[in-house]
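K.L.:
Compact mmCIF, C-alpha atoms, saved as query22.txt, coming up:
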```
# COMPACT_ATOMS: atom_id res chain seq x y z
CA MET A 178 0.00 0.00 0.00
CA GLU A 179 1.46 3.32 -1.07
CA SER A 180 1.43 6.34 1.18
CA SER A 181 -0.26 9.45 -0.17
CA ALA A 182 1.85 11.72 2.02
CA PRO A 183 4.10 14.07 0.05
CA ALA A 184 7.81 13.31 -0.03
CA ARG A 185 9.94 15.49 2.25
CA VAL A 186 12.85 16.92 0.28
CA LEU A 187 15.86 18.55 1.94
CA ILE A 188 17.56 21.12 -0.29
CA VAL A 189 21.14 21.91 0.75
CA ALA A 190 22.70 25.05 -0.72
CA HIS A 191 24.73 28.10 0.15
CA ARG A 192 26.02 30.42 -2.56
CA THR A 193 23.94 28.58 -5.17
CA ALA A 194 20.62 28.76 -3.30
CA ALA A 195 19.11 31.32 -5.68
CA THR A 196 20.55 30.02 -8.97
CA ALA A 197 18.54 29.14 -12.07
CA ALA A 198 19.86 25.56 -11.96
CA LEU A 199 18.45 24.93 -8.47
CA GLN A 200 15.23 26.74 -9.30
CA GLN A 201 14.76 24.43 -12.31
CA ALA A 202 15.57 21.31 -10.27
CA VAL A 203 12.99 22.28 -7.63
CA ARG A 204 10.41 23.03 -10.32
CA GLU A 205 11.01 19.61 -11.93
CA ARG A 206 10.91 17.78 -8.58
CA ALA A 207 7.68 19.52 -7.56
CA ALA A 208 6.10 18.58 -10.92
CA SER A 209 7.11 14.90 -10.65
CA SER A 210 5.10 14.12 -7.48
CA ALA A 211 3.82 15.75 -4.30
CA ALA A 212 6.68 17.11 -2.19
CA VAL A 213 7.33 19.35 0.79
CA PHE A 214 10.66 21.19 0.68
CA THR A 215 13.06 22.49 3.32
CA LEU A 216 16.04 24.70 2.39
CA LEU A 217 19.10 24.14 4.58
CA VAL A 218 21.86 26.75 4.38
CA PRO A 219 25.03 25.85 6.32
CA LYS A 220 26.81 28.70 8.10
CA VAL A 221 30.23 29.57 6.71
CA ALA A 222 33.25 30.45 8.81
CA HIS A 223 35.41 33.18 7.29
CA GLY A 224 39.01 34.22 7.80
CA LEU A 225 40.69 33.05 10.98
CA HIS A 226 37.40 31.61 12.28
CA ARG A 227 37.95 28.70 9.85
CA VAL A 228 41.07 27.76 11.82
CA VAL A 229 40.54 29.14 15.30
CA ASN A 230 36.87 28.38 15.94
CA PRO A 231 34.72 27.38 12.95
CA GLU A 232 31.81 26.70 15.32
CA ASP A 233 31.65 30.49 15.83
CA ALA A 234 30.46 31.06 12.24
CA ASP A 235 28.12 33.98 11.71
CA ARG A 236 24.44 33.22 11.05
CA GLU A 237 23.90 36.57 9.32
CA GLU A 238 25.20 35.49 5.90
CA ALA A 239 23.16 32.28 5.94
CA GLY A 240 20.09 34.27 6.97
CA ALA A 241 20.58 36.68 4.08
CA ILE A 242 20.84 33.74 1.67
CA LEU A 243 17.58 32.30 3.01
CA GLU A 244 15.90 35.69 2.64
CA LEU A 245 16.99 35.89 -1.01
CA ALA A 246 16.44 32.26 -2.04
CA LEU A 247 13.19 31.27 -0.33
CA PRO A 248 10.84 33.39 -2.48
CA ILE A 249 12.56 32.19 -5.67
CA LEU A 250 12.38 28.53 -4.68
CA GLU A 251 8.82 28.88 -3.38
CA GLU A 252 7.79 30.20 -6.78
CA ALA A 253 9.51 27.21 -8.40
CA SER A 254 7.87 24.67 -6.07
CA GLY A 255 4.47 26.34 -6.02
CA SER A 256 4.34 26.09 -2.23
CA HIS A 257 5.86 27.31 1.02
CA ILE A 258 9.41 26.18 1.80
CA ASP A 259 10.82 26.08 5.33
CA GLY A 260 14.27 27.60 5.72
CA VAL A 261 16.85 26.53 8.28
CA ILE A 262 20.43 27.49 9.08
CA GLY A 263 22.80 24.63 9.78
CA ASP A 264 26.23 23.82 11.13
CA HIS A 265 29.29 25.22 9.33
CA ASN A 266 30.21 21.67 8.25
CA PRO A 267 27.70 20.81 5.48
CA PHE A 268 27.71 17.06 6.24
CA ASP A 269 27.00 17.73 9.91
CA ALA A 270 24.34 20.28 8.95
CA VAL A 271 22.53 17.69 6.82
CA SER A 272 22.92 14.96 9.43
CA ASP A 273 21.57 17.28 12.13
CA ALA A 274 18.59 18.26 9.96
CA ILE A 275 17.75 14.64 9.23
CA HIS A 276 18.00 13.57 12.87
CA MET A 277 16.42 16.64 14.48
CA ARG A 278 13.70 17.43 11.96
CA GLY A 279 13.29 13.81 10.85
CA GLY A 280 11.35 12.25 8.05
CA PHE A 281 13.21 13.42 4.96
CA ASP A 282 12.88 11.16 1.94
CA GLU A 283 15.52 12.66 -0.35
CA ILE A 284 18.22 15.30 -0.61
CA ILE A 285 18.95 17.84 -3.34
CA ILE A 286 22.40 19.38 -2.99
CA SER A 287 23.27 22.49 -4.99
CA THR A 288 26.95 23.25 -5.59
CA LEU A 289 29.21 25.65 -7.36
CA PRO A 290 30.82 24.49 -10.62
CA VAL A 291 33.30 21.62 -10.29
CA ARG A 292 36.46 23.70 -10.57
CA VAL A 293 35.57 25.91 -7.59
CA SER A 294 33.30 23.75 -5.43
CA ARG A 295 34.71 22.70 -2.08
CA TRP A 296 31.67 20.47 -1.59
CA LEU A 297 32.46 18.53 -4.78
CA ARG A 298 36.20 18.47 -4.03
CA THR A 299 35.47 16.78 -0.70
CA ASP A 300 32.91 14.47 -2.38
CA LEU A 301 30.04 15.66 -0.19
CA PRO A 302 27.31 14.17 -2.44
CA SER A 303 28.76 10.65 -2.08
CA LYS A 304 29.18 11.09 1.66
CA LEU A 305 25.53 12.13 1.95
CA THR A 306 24.38 8.92 0.27
CA GLY A 307 25.77 7.17 3.34
CA LEU A 308 22.85 8.66 5.29
CA GLY A 309 20.54 6.27 3.41
CA LEU A 310 18.63 8.79 1.30
CA PRO A 311 18.72 9.36 -2.45
CA VAL A 312 20.86 12.39 -3.33
CA THR A 313 20.49 14.58 -6.41
CA THR A 314 23.37 16.95 -7.17
CA VAL A 315 22.64 20.20 -9.00
CA THR A 316 25.66 22.13 -10.22
CA ALA A 317 25.36 25.84 -10.95
CA GLN A 318 26.33 27.00 -14.42
CA GLY A 319 29.94 28.03 -14.61
CA THR A 320 32.17 29.46 -17.22
CA ASN A 321 35.13 27.96 -19.02
CA LEU A 322 37.08 31.17 -18.64
CA PRO A 323 40.19 30.96 -16.48
CA ILE A 324 39.95 32.29 -12.97
CA PRO A 325 41.53 35.76 -13.06
CA LYS A 326 44.68 36.25 -11.07
CA ARG A 327 44.88 39.03 -8.56
CA PRO A 328 46.83 42.00 -9.82
CA ALA A 329 50.26 42.40 -8.29
CA LYS A 330 50.56 45.14 -5.69
CA ALA A 331 52.38 48.22 -6.88
CA GLU A 332 55.68 49.08 -5.22
CA GLY A 333 55.11 51.00 -2.00
CA ALA A 334 51.35 50.25 -1.94
CA ALA A 335 49.88 49.29 1.41
```
Once more with this new file: its structure as structure tokens, please.
P.N.:
Amino acid sequence: MESSAPARVLIVAHRTAATAALQQAVRERAASSAAVFTLLVPKVAHGLHRVVNPEDADREEAGAILELALPILEEASGSHIDGVIGDHNPFDAVSDAIHMRGGFDEIIISTLPVRVSRWLRTDLPSKLTGLGLPVTTVTAQGTNLPIPKRPAKAEGAA
């Protein structure tokens, strides 16, 4: 006997939370069958906080991302989406969401393009499959242009 309850989908994104690629993926998932979405944005530690105390990451940036992305993704899904801020470690953030909020049926992870994505470099999508849920990876559109180098500082410049 099949359950008529909608699938609970956990979307994991940070800098790509408001991209066209994720918006399209959410639109397609919502069209395929009934689903309830939650957007999880991990906090990010910057500067010395990455080394000294990454647990002290600022929630403000993640909150701003939620504020920007939720209306865009809600339009794509055709329904309300819950937004949550998670741990600075994206794997821990997903694990916490699954265990504390419970009941997720699948994960959509949105990443930067391969050449700049730390999440892809550390193979986060494969690690998330170890949590026992199907994982869909959405990669934001990138460019094939080389990453520009920083200009050299002029002599005597501070």
K.L.:
With all atoms listed in the file as the atoms that count, which of A:Ile188, A:Met277, A:Leu310, A:Ala194 lies nearest to Ala239 (chain A)?
P.N.:
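Closest to Ala239 (chain A) of all the choices is A:Ala194.
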K.L.:
Nearest to Val291 (chain A): which of A:Ser254, A:Ser272, A:Thr316, A:Ser210 is it, counting all atoms listed in the file?
P.N.:
A:Thr316
K.L.:
Smallest atom-to-atom distance to Thr299 (chain A): which of A:Pro267, A:Gly255, A:Pro311, A:Gly280, using all atoms listed in the file?
P.N.:
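Closest candidate: A:Pro267.
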K.L.:
Interatomic distance between CA of Asp269 (chain A) and CA of Val218 (chain A)?
P.N.:
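Going from CA of Asp269 (chain A) over to CA of Val218 (chain A), I get 11.8 Å.
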K.L.:
For Glu251 (chain A), which residue among A:Trp296, A:Phe214, A:Phe268, A:Phe281 is the nearest when counting only C-alpha atoms?
P.N.:
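The shortest atom-to-atom distance to Glu251 (chain A) comes from A:Phe214.
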K.L.:
Just how far from CA of Ala317 (chain A) is CA of Ile249 (chain A), in Å to one decimal?
P.N.:
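Taking CA of Ile249 (chain A) as the start and CA of Ala317 (chain A) as the end point, the length is 15.2 Å.
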K.L.:
Rounded to one decimal in Å, what is the spacing between CA of Ala241 (chain A) and CA of Leu308 (chain A)?
P.N.:
28.1 Å
K.L.:
Using only C-alpha atoms, can you tell me which of A:Leu297, A:Ala211, A:Ile285, A:Ile275 comes closest to Ala198 (chain A)?
P.N.:
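Once distances to Ala198 (chain A) are computed over only C-alpha atoms, the minimum belongs to A:Ile285.
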K.L.:
Give me the residues within 6 Å of Arg204 (chain A) as a PyMOL selection string, counting only C-alpha atoms and dropping any in the same chain fewer than 2 places off.
P.N.:
chain A and resi 201-202+206-207+253-254
K.L.:
Nearest residue to Thr215 (chain A) out of A:Asp259, A:Glu283, A:Asp300, A:Asp264, using all atoms listed in the file?
P.N.:
A:Asp259
K.L.:
Give the centre and edge lengths of an axis-aligned box, in Å to one decimal, that holds all listed atoms of region 298-303 of chain A with 8 Å on each side, as JSON.
P.N.:
```
{"center_x": 31.8, "center_y": 14.6, "center_z": -2.1, "size_x": 24.9, "size_y": 23.8, "size_z": 19.8}
```
